[in-house]
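Note: the block below is my_file_11.cif and it holds mmCIF, C-alpha atoms and all ligand atoms.
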data_upload
loop_
_atom_site.label_atom_id
_atom_site.label_comp_id
_atom_site.auth_asym_id
_atom_site.auth_seq_id
_atom_site.Cartn_x
_atom_site.Cartn_y
_atom_site.Cartn_z
CA GLU A 1 -109.90 113.87 221.08
CA LYS A 2 -109.72 116.65 223.59
CA GLY A 3 -111.60 114.70 226.29
CA THR A 4 -112.33 116.84 229.32
CA TYR A 5 -110.21 119.74 228.07
CA PRO A 6 -112.01 122.86 226.86
CA HIS A 7 -109.42 123.37 224.12
CA TYR A 8 -106.83 121.32 222.27
CA MET A 9 -104.21 123.94 223.05
CA LEU A 10 -104.52 123.40 226.80
CA LYS A 11 -104.43 119.64 226.35
CA GLU A 12 -101.34 119.89 224.16
CA ILE A 13 -99.59 122.15 226.68
CA ASP A 14 -100.29 119.56 229.36
CA GLU A 15 -98.98 116.74 227.17
CA GLN A 16 -95.50 118.25 227.06
CA PRO A 17 -93.96 116.36 230.01
CA ALA A 18 -95.16 113.06 228.52
CA VAL A 19 -93.78 114.01 225.11
CA ILE A 20 -90.34 114.76 226.57
CA ARG A 21 -90.39 111.39 228.38
CA LYS A 22 -91.44 109.65 225.17
CA ILE A 23 -88.53 111.27 223.29
CA ILE A 24 -86.04 110.14 225.94
CA GLN A 25 -87.47 106.63 225.83
CA THR A 26 -87.55 106.43 222.03
CA TYR A 27 -84.07 107.78 221.45
CA ARG A 28 -82.43 105.70 224.19
CA ASN A 29 -80.85 102.29 223.52
CA GLU A 30 -80.72 99.24 225.81
CA GLN A 31 -77.55 100.54 227.45
CA GLY A 32 -79.39 103.70 228.39
CA GLU A 33 -77.46 105.88 225.93
CA LEU A 34 -79.11 108.35 223.60
CA THR A 35 -78.74 107.17 220.04
CA ILE A 36 -79.63 108.18 216.48
CA ASP A 37 -79.24 106.22 213.20
CA ARG A 38 -75.59 106.04 212.25
CA GLU A 39 -76.25 107.32 208.71
CA ILE A 40 -77.77 110.52 210.11
CA ILE A 41 -74.84 111.12 212.45
CA ASP A 42 -72.44 110.44 209.56
CA ALA A 43 -74.27 113.01 207.43
CA VAL A 44 -74.02 115.57 210.25
CA ASN A 45 -70.32 114.84 210.72
CA GLU A 46 -69.57 115.09 207.00
CA ALA A 47 -71.03 118.60 206.90
CA ASP A 48 -68.83 121.64 207.45
CA ARG A 49 -71.92 123.75 208.22
CA ILE A 50 -75.57 123.09 208.96
CA TYR A 51 -78.38 125.19 207.51
CA ILE A 52 -81.61 124.99 209.48
CA ILE A 53 -84.66 125.96 207.42
CA ALA A 54 -88.06 126.50 209.06
CA ALA A 55 -91.04 128.82 209.54
CA GLY A 56 -92.87 130.30 212.53
CA THR A 57 -92.55 128.34 215.75
CA SER A 58 -90.31 125.75 214.08
CA TYR A 59 -87.92 128.58 213.15
CA HIS A 60 -87.85 129.62 216.80
CA ALA A 61 -86.98 126.04 217.79
CA GLY A 62 -84.22 126.16 215.16
CA LEU A 63 -82.66 129.20 216.84
CA VAL A 64 -82.36 127.18 220.06
CA GLY A 65 -81.10 124.16 218.08
CA LYS A 66 -78.27 126.25 216.64
CA GLN A 67 -77.01 126.89 220.17
CA PHE A 68 -77.10 123.16 220.93
CA MET A 69 -75.24 122.13 217.77
CA GLU A 70 -72.60 124.81 218.23
CA LYS A 71 -72.14 124.50 222.00
CA MET A 72 -72.37 120.71 222.31
CA ALA A 73 -71.29 119.36 218.90
CA LYS A 74 -69.06 122.30 217.80
CA ILE A 75 -70.60 122.44 214.32
CA PRO A 76 -71.42 125.89 212.89
CA VAL A 77 -75.10 126.44 212.14
CA GLU A 78 -77.12 129.08 210.32
CA VAL A 79 -80.87 129.33 210.83
CA HIS A 80 -83.03 130.68 208.02
CA ILE A 81 -86.70 131.51 207.56
CA SER A 82 -87.89 129.29 204.69
CA SER A 83 -89.75 131.98 202.80
CA GLU A 84 -86.66 134.22 202.77
CA PHE A 85 -84.10 131.58 201.90
CA GLY A 86 -85.19 130.99 198.29
CA TYR A 87 -84.38 134.45 197.01
CA ASN A 88 -81.83 135.39 199.64
CA LEU A 89 -79.55 132.41 199.17
CA PRO A 90 -76.51 132.87 201.44
CA LEU A 91 -73.06 131.95 200.23
CA LEU A 92 -73.13 128.24 201.02
CA SER A 93 -70.25 126.34 202.57
CA LYS A 94 -68.51 123.53 200.63
CA LYS A 95 -70.30 120.68 202.40
CA PRO A 96 -73.63 121.88 203.75
CA LEU A 97 -76.26 119.74 205.45
CA PHE A 98 -79.79 121.11 205.44
CA ILE A 99 -82.09 120.43 208.37
CA PHE A 100 -85.77 121.16 207.80
CA ILE A 101 -87.81 121.58 210.96
CA SER A 102 -91.56 121.28 210.43
CA GLN A 103 -94.28 120.01 212.74
CA SER A 104 -96.60 119.18 209.84
CA GLY A 105 -93.95 118.33 207.26
CA GLU A 106 -96.20 120.11 204.75
CA THR A 107 -95.19 123.77 204.93
CA ALA A 108 -94.93 124.95 201.33
CA ASP A 109 -92.28 127.60 202.01
CA SER A 110 -90.00 124.94 203.50
CA ARG A 111 -90.78 122.44 200.78
CA SER A 112 -89.77 124.84 198.02
CA VAL A 113 -86.36 125.21 199.70
CA LEU A 114 -86.06 121.44 199.97
CA VAL A 115 -86.77 121.05 196.25
CA LYS A 116 -84.00 123.55 195.49
CA VAL A 117 -81.58 121.87 197.90
CA LYS A 118 -82.15 118.50 196.24
CA GLU A 119 -81.65 120.04 192.78
CA LEU A 120 -78.31 121.33 194.01
CA GLY A 121 -77.48 117.81 195.24
CA TYR A 122 -77.11 118.58 198.95
CA PRO A 123 -78.16 116.20 201.75
CA ALA A 124 -81.27 117.02 203.78
CA LEU A 125 -82.68 115.86 207.10
CA THR A 126 -86.28 116.59 208.11
CA ILE A 127 -87.31 116.83 211.74
CA THR A 128 -91.08 116.42 211.79
CA ASN A 129 -94.02 115.18 213.78
CA VAL A 130 -95.65 113.47 210.80
CA PRO A 131 -94.12 110.29 209.36
CA GLY A 132 -94.69 110.08 205.61
CA SER A 133 -95.24 113.83 205.27
CA THR A 134 -93.97 115.57 202.14
CA LEU A 135 -90.86 117.00 203.77
CA SER A 136 -90.07 113.63 205.30
CA ARG A 137 -90.48 111.73 202.02
CA GLU A 138 -88.45 114.18 199.99
CA ALA A 139 -85.49 114.48 202.38
CA ASP A 140 -82.71 111.89 202.68
CA PHE A 141 -83.27 111.38 206.41
CA THR A 142 -86.03 111.91 208.97
CA LEU A 143 -86.09 112.32 212.74
CA LEU A 144 -89.52 112.08 214.32
CA LEU A 145 -90.82 114.24 217.16
CA HIS A 146 -93.14 111.61 218.67
CA ALA A 147 -95.36 114.41 220.00
CA GLY A 148 -98.65 112.85 218.86
CA PRO A 149 -101.10 114.81 216.69
CA GLU A 150 -101.06 118.56 217.30
CA ILE A 151 -104.49 119.98 216.52
CA ALA A 152 -104.50 123.55 217.89
CA VAL A 153 -103.25 126.08 215.35
CA ALA A 154 -100.89 127.49 217.98
CA SER A 155 -97.98 125.08 218.18
CA THR A 156 -96.92 124.11 221.71
CA LYS A 157 -95.83 120.51 222.25
CA ALA A 158 -94.21 120.37 218.79
CA TYR A 159 -91.95 123.29 219.78
CA THR A 160 -90.68 121.61 222.96
CA ALA A 161 -90.38 118.27 221.12
CA GLN A 162 -88.33 119.93 218.36
CA ILE A 163 -85.98 121.42 220.94
CA ALA A 164 -85.61 118.11 222.76
CA VAL A 165 -84.88 116.19 219.54
CA LEU A 166 -82.35 118.85 218.48
CA ALA A 167 -80.66 118.45 221.88
CA VAL A 168 -80.48 114.68 221.35
CA LEU A 169 -79.02 115.20 217.86
CA ALA A 170 -76.39 117.57 219.25
CA GLU A 171 -75.47 115.23 222.10
CA VAL A 172 -75.19 112.12 219.93
CA THR A 173 -73.10 114.03 217.37
CA ALA A 174 -70.81 115.33 220.13
CA LYS A 175 -70.40 111.82 221.56
CA SER A 176 -69.55 110.41 218.11
CA ASN A 177 -66.65 112.87 218.00
CA GLY A 178 -65.43 112.11 221.50
CA ILE A 179 -66.69 115.47 222.83
CA ASP A 180 -67.83 115.40 226.45
CA ILE A 181 -70.75 117.83 226.77
CA GLY A 182 -70.29 117.87 230.54
CA PHE A 183 -73.75 116.64 231.56
CA ASP A 184 -76.04 113.65 231.17
CA LEU A 185 -78.64 114.85 228.66
CA SER A 186 -81.21 112.11 229.18
CA HIS A 187 -81.09 112.65 232.95
CA GLU A 188 -81.42 116.43 232.51
CA LEU A 189 -84.33 115.98 230.07
CA GLY A 190 -86.00 113.82 232.71
CA LEU A 191 -85.66 116.73 235.15
CA VAL A 192 -87.14 119.03 232.50
CA ALA A 193 -90.18 116.75 232.22
CA ASN A 194 -90.61 116.87 236.02
CA ALA A 195 -90.29 120.67 235.96
CA MET A 196 -92.94 120.81 233.22
CA ASP A 197 -95.26 118.79 235.47
CA VAL A 198 -94.84 121.44 238.16
CA LEU A 199 -95.58 124.21 235.66
CA CYS A 200 -98.67 122.48 234.32
CA ASP A 201 -99.90 122.41 237.93
CA SER A 202 -99.32 126.17 238.34
CA LYS A 203 -101.99 127.29 235.91
CA GLU A 204 -103.96 129.32 238.44
CA LEU A 205 -101.10 131.72 239.05
CA ILE A 206 -100.46 132.17 235.32
CA GLU A 207 -104.18 132.75 234.75
CA ILE A 208 -104.12 135.52 237.37
CA ILE A 209 -101.02 137.09 235.81
CA SER A 210 -102.56 136.86 232.36
CA ARG A 211 -105.77 138.52 233.57
CA GLU A 212 -103.85 141.34 235.24
CA PHE A 213 -101.44 141.99 232.37
CA LEU A 214 -103.22 141.04 229.21
CA SER A 215 -107.01 141.19 229.49
CA THR A 216 -107.33 144.73 228.13
CA THR A 217 -103.95 145.77 226.75
CA ARG A 218 -103.36 146.61 223.08
CA ASN A 219 -99.73 145.52 223.10
CA CYS A 220 -97.16 143.55 225.04
CA PHE A 221 -93.39 143.21 224.87
CA PHE A 222 -91.22 140.24 225.72
CA ILE A 223 -87.56 140.81 226.54
CA GLY A 224 -84.70 138.43 227.15
CA ARG A 225 -81.06 137.82 226.34
CA GLY A 226 -79.39 134.77 224.81
CA LEU A 227 -81.65 131.71 224.89
CA ASP A 228 -84.29 133.75 226.71
CA TYR A 229 -84.48 136.09 223.70
CA TYR A 230 -85.39 133.20 221.39
CA VAL A 231 -88.11 132.07 223.78
CA CYS A 232 -89.40 135.65 223.85
CA LEU A 233 -89.84 135.51 220.06
CA GLU A 234 -91.93 132.37 220.54
CA GLY A 235 -93.91 133.81 223.47
CA ALA A 236 -94.78 136.88 221.40
CA LEU A 237 -95.83 134.78 218.40
CA LYS A 238 -98.11 132.66 220.62
CA LEU A 239 -99.73 135.75 222.10
CA LYS A 240 -100.32 137.53 218.82
CA GLU A 241 -101.70 134.59 216.92
CA ILE A 242 -104.37 133.59 219.43
CA SER A 243 -105.17 136.79 221.36
CA TYR A 244 -104.58 139.38 218.59
CA ILE A 245 -102.58 141.51 221.01
CA GLN A 246 -99.72 143.18 219.21
CA ALA A 247 -96.74 141.46 220.80
CA GLU A 248 -93.04 141.53 220.02
CA GLY A 249 -90.00 139.77 221.42
CA PHE A 250 -86.84 141.81 221.76
CA ALA A 251 -83.24 141.27 222.77
CA GLY A 252 -82.91 143.18 226.05
CA GLY A 253 -79.90 145.13 224.84
CA GLU A 254 -81.73 146.32 221.71
CA LEU A 255 -84.44 148.19 223.63
CA LYS A 256 -82.43 151.39 223.89
CA HIS A 257 -81.84 151.31 220.13
CA GLY A 258 -85.45 152.12 219.37
CA THR A 259 -88.15 149.98 220.90
CA ILE A 260 -88.06 151.68 224.28
CA ALA A 261 -89.80 154.63 222.57
CA LEU A 262 -92.97 152.51 222.52
CA ILE A 263 -93.13 152.06 226.30
CA GLU A 264 -96.00 154.01 227.85
CA ASP A 265 -97.70 154.02 231.22
CA GLY A 266 -98.92 150.49 231.86
CA THR A 267 -97.33 148.77 228.84
CA PRO A 268 -96.90 145.11 229.84
CA VAL A 269 -93.31 143.89 229.53
CA VAL A 270 -92.64 140.22 230.19
CA ALA A 271 -88.96 139.62 230.98
CA LEU A 272 -87.33 136.20 231.03
CA ALA A 273 -84.39 135.75 233.40
CA THR A 274 -83.17 132.14 233.27
CA GLN A 275 -79.55 132.70 232.24
CA GLU A 276 -77.04 133.42 234.97
CA LYS A 277 -74.59 135.33 232.81
CA VAL A 278 -77.21 137.89 231.72
CA ASN A 279 -79.37 137.92 234.85
CA LEU A 280 -78.23 141.34 236.01
CA SER A 281 -78.27 142.91 232.57
CA ILE A 282 -81.85 141.81 231.82
CA ARG A 283 -82.91 143.13 235.21
CA GLY A 284 -81.23 146.41 234.26
CA ASN A 285 -83.41 146.46 231.13
CA VAL A 286 -86.49 145.90 233.29
CA LYS A 287 -85.53 148.96 235.37
CA GLU A 288 -85.20 151.01 232.17
CA VAL A 289 -88.73 150.15 231.03
CA VAL A 290 -90.22 150.53 234.50
CA ALA A 291 -88.72 154.04 234.66
CA ARG A 292 -90.83 154.80 231.54
CA GLY A 293 -94.02 153.45 233.10
CA ALA A 294 -94.00 149.79 232.01
CA ASN A 295 -95.84 147.12 233.97
CA PRO A 296 -93.21 144.37 234.39
CA CYS A 297 -93.72 140.63 234.74
CA ILE A 298 -90.41 138.93 235.47
CA ILE A 299 -90.24 135.17 234.95
CA SER A 300 -87.02 133.86 236.46
CA MET A 301 -85.58 130.53 237.53
CA GLN A 302 -84.83 129.16 240.98
CA GLY A 303 -81.34 130.18 241.99
CA LEU A 304 -81.54 133.40 239.95
CA ASN A 305 -84.79 134.71 241.39
CA MET A 306 -85.34 137.98 243.24
CA ASP A 307 -88.17 139.46 245.29
CA GLU A 308 -89.56 141.45 242.38
CA ASP A 309 -90.27 138.35 240.25
CA SER A 310 -93.84 137.40 239.29
CA PHE A 311 -93.12 133.74 238.56
CA VAL A 312 -90.19 131.46 239.38
CA LEU A 313 -89.45 128.38 237.25
CA PRO A 314 -87.99 125.19 238.75
CA GLU A 315 -84.27 124.95 238.06
CA VAL A 316 -83.10 122.98 235.02
CA HIS A 317 -79.80 122.86 233.08
CA GLU A 318 -79.06 126.31 231.65
CA LEU A 319 -79.04 125.07 228.04
CA LEU A 320 -82.45 123.44 228.46
CA THR A 321 -84.32 126.41 229.95
CA PRO A 322 -86.27 127.13 226.71
CA LEU A 323 -88.14 123.86 227.29
CA ILE A 324 -89.62 125.16 230.50
CA SER A 325 -89.63 128.96 230.18
CA VAL A 326 -91.90 128.65 227.16
CA VAL A 327 -94.61 126.88 229.20
CA PRO A 328 -95.78 129.94 231.21
CA LEU A 329 -95.67 131.97 227.99
CA GLN A 330 -97.90 129.41 226.25
CA LEU A 331 -100.27 129.58 229.21
CA LEU A 332 -100.21 133.40 229.31
CA ALA A 333 -101.26 133.40 225.64
CA TYR A 334 -103.89 130.73 226.24
CA TYR A 335 -105.58 132.64 229.06
CA ALA A 336 -105.29 135.97 227.23
CA SER A 337 -107.12 134.42 224.29
CA LEU A 338 -109.72 132.92 226.60
CA HIS A 339 -110.31 136.13 228.61
CA ARG A 340 -110.62 138.18 225.46
CA GLY A 341 -113.19 135.81 223.97
CA CYS A 342 -111.05 134.70 221.04
CA ASP A 343 -111.18 131.35 219.29
CA VAL A 344 -108.24 129.65 221.06
CA ASP A 345 -107.79 126.64 218.79
CA LYS A 346 -108.75 128.23 215.48
CA PRO A 347 -107.60 131.84 215.44
CA ARG A 348 -108.75 134.07 212.59
CA ASN A 349 -106.82 134.15 209.32
CA LEU A 350 -104.65 131.14 210.21
CA ALA A 351 -104.43 127.51 209.11
CA LYS A 352 -102.69 124.68 210.92
CA SER A 353 -100.43 123.92 208.01
CA VAL A 354 -99.60 126.58 205.48
CA THR A 355 -99.52 124.69 202.20
CA VAL A 356 -99.28 127.72 199.90
CA GLU A 357 -96.20 129.88 199.36
O1 LIG A 401 -95.78 122.69 210.36
P1 LIG A 401 -94.68 123.67 210.49
O2 LIG A 401 -93.86 123.48 211.72
O3 LIG A 401 -93.78 123.73 209.27
O4 LIG A 401 -95.38 125.07 210.60
C1 LIG A 401 -94.65 126.26 210.63
C2 LIG A 401 -95.51 127.42 211.06
O5 LIG A 401 -96.56 127.63 210.15
C3 LIG A 401 -96.10 127.21 212.46
O6 LIG A 401 -95.10 126.96 213.39
C4 LIG A 401 -96.90 128.44 212.90
O7 LIG A 401 -96.04 129.52 213.09
C5 LIG A 401 -97.71 128.13 214.17
N1 LIG A 401 -99.08 128.52 213.98
C6 LIG A 401 -97.18 128.83 215.38
O8 LIG A 401 -97.93 128.56 216.52
#

Please go through the file and, once you have read it, give me the structure as C-alpha cells.
Amino acid sequence: EKGTYPHYMLKEIDEQPAVIRKIIQTYRNEQGELTIDREIIDAVNEADRIYIIAAGTSYHAGLVGKQFMEKMAKIPVEVHISSEFGYNLPLLSKKPLFIFISQSGETADSRSVLVKVKELGYPALTITNVPGSTLSREADFTLLLHAGPEIAVASTKAYTAQIAVLAVLAEVTAKSNGIDIGFDLSHELGLVANAMDVLCDSKELIEIISREFLSTTRNCFFIGRGLDYYVCLEGALKLKEISYIQAEGFAGGELKHGTIALIEDGTPVVALATQEKVNLSIRGNVKEVVARGANPCIISMQGLNMDEDSFVLPEVHELLTPLISVVPLQLLAYYASLHRGCDVDKPRNLAKSVTVE
C-alpha cells in the first residue's frame, strides 16, 4: 500500500536506500563477505562471454552491469535488447552464459529469447524481483532483487536493485578468481544507501529544478559520458514515459555528430558529471549547447563540482555513481509528470509488465 504517499512512484523512489541495505544484508554471509550460490559463480566462470538480455529500464541496468563484469571480474559482456536479439542473433562465443534481467520476470520479448537459448542448450541466469516468475522458472539459475513489489509503471527501485545485484555478482566472481577489485563493495554500497538517504531528503530542490526546466518544455536532452551516458538513457526514458516530454539521452561526444542541430533557445539539457576522467569533456559539451541557447542543468558529484552546477550529489565510488545519479533524474521525471497533470503511476499506453511480443 502506498500509505501517506500520493503516488507509488514516490514511495518506491524513497524505498531505494532500504532496498540497497536489504541486498547487502541478504547477499552477505556470517563472515561479512558478499556471497552467491557456488553453482551460479561456477556457471559464470565457465562462460567465455556473457550475454545480457533485457528490455527498457532493465536493459539500461544491463549496460551498467557490463561495466561491472568487465572491470571487476574481467569477463567480456554483450548487452542486447530482447526484442532485437531474436532476429539479430550475434555470432555467439563457444561457451556463452545468458543473463536475463527483468523486474517482473514476465516480459514476453525476454522470454522468447530464453526459450531459444534453452533450445540451443545454453545456460541461463535470471535476475528478477519476482520469485517463481516465468523467467525465473525457465532459467537454470535465479538471483533475486529483494526490492519488494514495484507497482508504479515507471521502474525505479528495481533499476537500482538490479545494478546493486550485478555489482555483487561481479565482485563475488572476481573474488572467486583471486582478483582484487581494490575496494570493499559492501562498505561502498552502504555509503551509497546513505547518499540515497540524503538525496531523498533533497526533494524540494529537485522539484524547483523540475518546475523551472520541465513544466512547459516540449523536449529535453540528457548528456553524459561513460557510466553517466547509461544513466542519461534511463533518465530520458523515465521522463518520456510519465511526462510525455520528448526526451533523449546522448553520449556527450555524439552531440556534434547530429543532435546539436536540435538545440534551440531554452532547450533544457541535463548533463551528468560524476566521472572524473570525463568531467572536463562533458563540461565542454555543456558549453557547446549553451552557445546555441540551451538551458543547462548540471548534476555533478562532490569533488568534481563547479560553481555552475545545479545539483551536487554526495560522493560515492566512481563505479557506483549510477545508483545515486539516477535518483535526481527519477525525481525530475516524477515532478514533471505531477506539474503537467499526468497520471504518474499509470501513464497512458503503458502496462507494468509487457506480456506480448
Ligand atoms: O519487468 P521488466 O524489467 O522485464 O520490464 C522491462 C520494461 O518493460 C520496463 O523496464 C519498462 O521499460 C519500464 N516501464 C521503465 O520504467

Which residues come within 7 Å of Ser310 (chain A), counting all atoms listed in the file, excluding same-chain residues fewer than 2 positions away, as a PDB file with C-alpha atoms, in the frame of the given file?
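Writing the result to result33.pdb gives the following:
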ATOM      1  CA  CYS A 297     -93.720 140.630 234.740  1.00  0.00           C
ATOM      2  CA  ILE A 298     -90.410 138.930 235.470  1.00  0.00           C
ATOM      3  CA  ILE A 299     -90.240 135.170 234.950  1.00  0.00           C
ATOM      4  CA  GLU A 308     -89.560 141.450 242.380  1.00  0.00           C
ATOM      5  CA  VAL A 312     -90.190 131.460 239.380  1.00  0.00           C
TER       6      VAL A 312
END

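Around the coordinate (-102.7, 131.1, 228.9), residues that reach within 9 Å when counting only C-alpha atoms are Leu10, Lys203, Ile206, Glu207, Ser210, Leu239, Pro328, Leu329, Gln330, Leu331, Leu332, Ala333, Tyr334, Tyr335, Ala336, Ser337 and Leu338 of chain A.
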
Mind writing the picked residues with C-alpha atoms as a PDB file, in the frame of the given file?
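Contents of again06.pdb, as written:
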ATOM      1  CA  LEU A  10    -104.520 123.400 226.800  1.00  0.00           C
ATOM      2  CA  LYS A 203    -101.990 127.290 235.910  1.00  0.00           C
ATOM      3  CA  ILE A 206    -100.460 132.170 235.320  1.00  0.00           C
ATOM      4  CA  GLU A 207    -104.180 132.750 234.750  1.00  0.00           C
ATOM      5  CA  SER A 210    -102.560 136.860 232.360  1.00  0.00           C
ATOM      6  CA  LEU A 239     -99.730 135.750 222.100  1.00  0.00           C
ATOM      7  CA  PRO A 328     -95.780 129.940 231.210  1.00  0.00           C
ATOM      8  CA  LEU A 329     -95.670 131.970 227.990  1.00  0.00           C
ATOM      9  CA  GLN A 330     -97.900 129.410 226.250  1.00  0.00           C
ATOM     10  CA  LEU A 331    -100.270 129.580 229.210  1.00  0.00           C
ATOM     11  CA  LEU A 332    -100.210 133.400 229.310  1.00  0.00           C
ATOM     12  CA  ALA A 333    -101.260 133.400 225.640  1.00  0.00           C
ATOM     13  CA  TYR A 334    -103.890 130.730 226.240  1.00  0.00           C
ATOM     14  CA  TYR A 335    -105.580 132.640 229.060  1.00  0.00           C
ATOM     15  CA  ALA A 336    -105.290 135.970 227.230  1.00  0.00           C
ATOM     16  CA  SER A 337    -107.120 134.420 224.290  1.00  0.00           C
ATOM     17  CA  LEU A 338    -109.720 132.920 226.600  1.00  0.00           C
TER      18      LEU A 338
END

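Take the candidates A:Asp197, A:Asp343, A:Glu39, A:Glu204 and check each one against Leu313 (chain A) using only C-alpha atoms; the shortest distance goes to A:Asp197.
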
With the cut-off set at 9 Å and counting only C-alpha atoms and all ligand atoms, tabulate each residue of chain A with an atom at most that distance from an atom of ligand LIG 401 (chain A), showing the nearest atom pair and its distance in Å to one decimal, ordered by chain and increasing number, as CSV.
residue,atom,partner,partner_atom,distance
A:Ala54,CA,A:LIG401,O3,6.4
A:Ala55,CA,A:LIG401,C1,4.6
A:Gly56,CA,A:LIG401,O7,3.3
A:Thr57,CA,A:LIG401,O6,3.7
A:Ser58,CA,A:LIG401,O2,4.8
A:Tyr59,CA,A:LIG401,O6,7.4
A:His60,CA,A:LIG401,O6,8.4
A:Phe100,CA,A:LIG401,O3,8.5
A:Ile101,CA,A:LIG401,O2,6.4
A:Ser102,CA,A:LIG401,O2,3.4
A:Gln103,CA,A:LIG401,O2,3.6
A:Ser104,CA,A:LIG401,O1,3.6
A:Gly105,CA,A:LIG401,O1,5.7
A:Glu106,CA,A:LIG401,O1,6.2
A:Thr107,CA,A:LIG401,O3,4.6
A:Ala108,CA,A:LIG401,O3,8.1
A:Asp109,CA,A:LIG401,O3,8.4
A:Ser110,CA,A:LIG401,O3,7.0
A:Thr128,CA,A:LIG401,O2,7.6
A:Asn129,CA,A:LIG401,O1,8.4
A:Ala152,CA,A:LIG401,N1,8.3
A:Val153,CA,A:LIG401,N1,5.0
A:Ala154,CA,A:LIG401,O8,3.5
A:Ser155,CA,A:LIG401,O8,3.9
A:Thr156,CA,A:LIG401,O8,6.9
A:Ala158,CA,A:LIG401,O2,7.7
A:Tyr159,CA,A:LIG401,O6,8.0
A:Glu234,CA,A:LIG401,O8,8.2
A:Leu237,CA,A:LIG401,C6,6.8
A:Lys238,CA,A:LIG401,O8,5.8
A:Glu241,CA,A:LIG401,O8,7.1
A:Ile242,CA,A:LIG401,O8,8.7
A:Leu350,CA,A:LIG401,N1,7.2
A:Ala351,CA,A:LIG401,N1,7.3
A:Lys352,CA,A:LIG401,N1,6.1
A:Ser353,CA,A:LIG401,O1,5.4
A:Val354,CA,A:LIG401,O5,5.7
A:Thr355,CA,A:LIG401,O5,9.0

- Query: When distances are computed from all atoms listed in the file, which of A:Leu145, A:Val278, A:Met72, A:Phe250 shows the smallest separation from Lys175 (chain A)?
  - Reply: A:Met72

- Task: Please work out which residues fall within 10 Å of (-85.9, 111.8, 206.1), coordinates as given in the file, with all atoms listed in the file counting, and return them as a list in words.
- Result: Ile40, Ile99, Phe100, Pro123, Ala124, Leu125, Thr126, Ile127, Thr128, Pro131, Gly132, Ser133, Thr134, Leu135, Ser136, Arg137, Glu138, Ala139, Asp140, Phe141, Thr142, Leu143 and Leu144 of chain A

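For the atom pair formed by CA of Arg21 (chain A) and CA of Pro6 (chain A), the distance is 24.5 Å, given to one decimal.
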
- Message: Between CA of Ser281 (chain A) and CA of Pro314 (chain A), what distance in Å does the model show, to one decimal?
- Response: 21.1 Å

- Got a sec: who's within 9 Å of Gln275 (chain A), counting all atoms listed in the file, leaving out chain neighbours fewer than 5 positions off, as a list of chain:residue names? A:Arg225, A:Gly226, A:Leu227, A:Asp228, A:Ser300, A:Met301, A:Leu304, A:Glu318, A:Leu319, A:Thr321

Take every atom of region 211-227 of chain A listed in the file, pad by 5 Å on each side, and give me the axis-aligned box centre and edge lengths in Å, one decimal, as JSON.
{"center_x": -93.4, "center_y": 139.2, "center_z": 229.2, "size_x": 37.9, "size_y": 24.9, "size_z": 22.2}

N, CA and C atoms restored at region 22-34 of chain A, emitted as a short mmCIF file (atom, residue, chain, number, x, y, z; two decimals), in the coordinates of the input:
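Output file out.cif follows:
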data_model
loop_
_atom_site.label_atom_id
_atom_site.label_comp_id
_atom_site.auth_asym_id
_atom_site.auth_seq_id
_atom_site.Cartn_x
_atom_site.Cartn_y
_atom_site.Cartn_z
N LYS A 22 -91.35 110.55 226.33
CA LYS A 22 -91.44 109.65 225.17
C LYS A 22 -90.20 109.80 224.28
N ILE A 23 -89.73 111.03 224.12
CA ILE A 23 -88.53 111.27 223.29
C ILE A 23 -87.31 110.61 223.94
N ILE A 24 -87.18 110.76 225.26
CA ILE A 24 -86.04 110.14 225.94
C ILE A 24 -86.10 108.63 225.72
N GLN A 25 -87.28 108.07 225.93
CA GLN A 25 -87.47 106.63 225.83
C GLN A 25 -87.18 106.13 224.40
N THR A 26 -87.69 106.88 223.41
CA THR A 26 -87.55 106.43 222.03
C THR A 26 -86.12 106.53 221.53
N TYR A 27 -85.42 107.56 221.96
CA TYR A 27 -84.07 107.78 221.45
C TYR A 27 -83.00 107.13 222.34
N ARG A 28 -83.42 106.32 223.32
CA ARG A 28 -82.43 105.70 224.19
C ARG A 28 -82.29 104.22 223.84
N ASN A 29 -81.05 103.71 223.83
CA ASN A 29 -80.85 102.29 223.52
C ASN A 29 -80.87 101.44 224.80
N GLU A 30 -80.62 100.14 224.64
CA GLU A 30 -80.72 99.24 225.81
C GLU A 30 -79.69 99.57 226.88
N GLN A 31 -78.58 100.17 226.46
CA GLN A 31 -77.55 100.54 227.45
C GLN A 31 -77.88 101.87 228.15
N GLY A 32 -78.99 102.45 227.76
CA GLY A 32 -79.39 103.70 228.39
C GLY A 32 -78.76 104.93 227.75
N GLU A 33 -78.08 104.72 226.60
CA GLU A 33 -77.46 105.88 225.93
C GLU A 33 -78.40 106.44 224.87
N LEU A 34 -78.34 107.75 224.68
CA LEU A 34 -79.11 108.35 223.60
C LEU A 34 -78.47 107.94 222.29
#
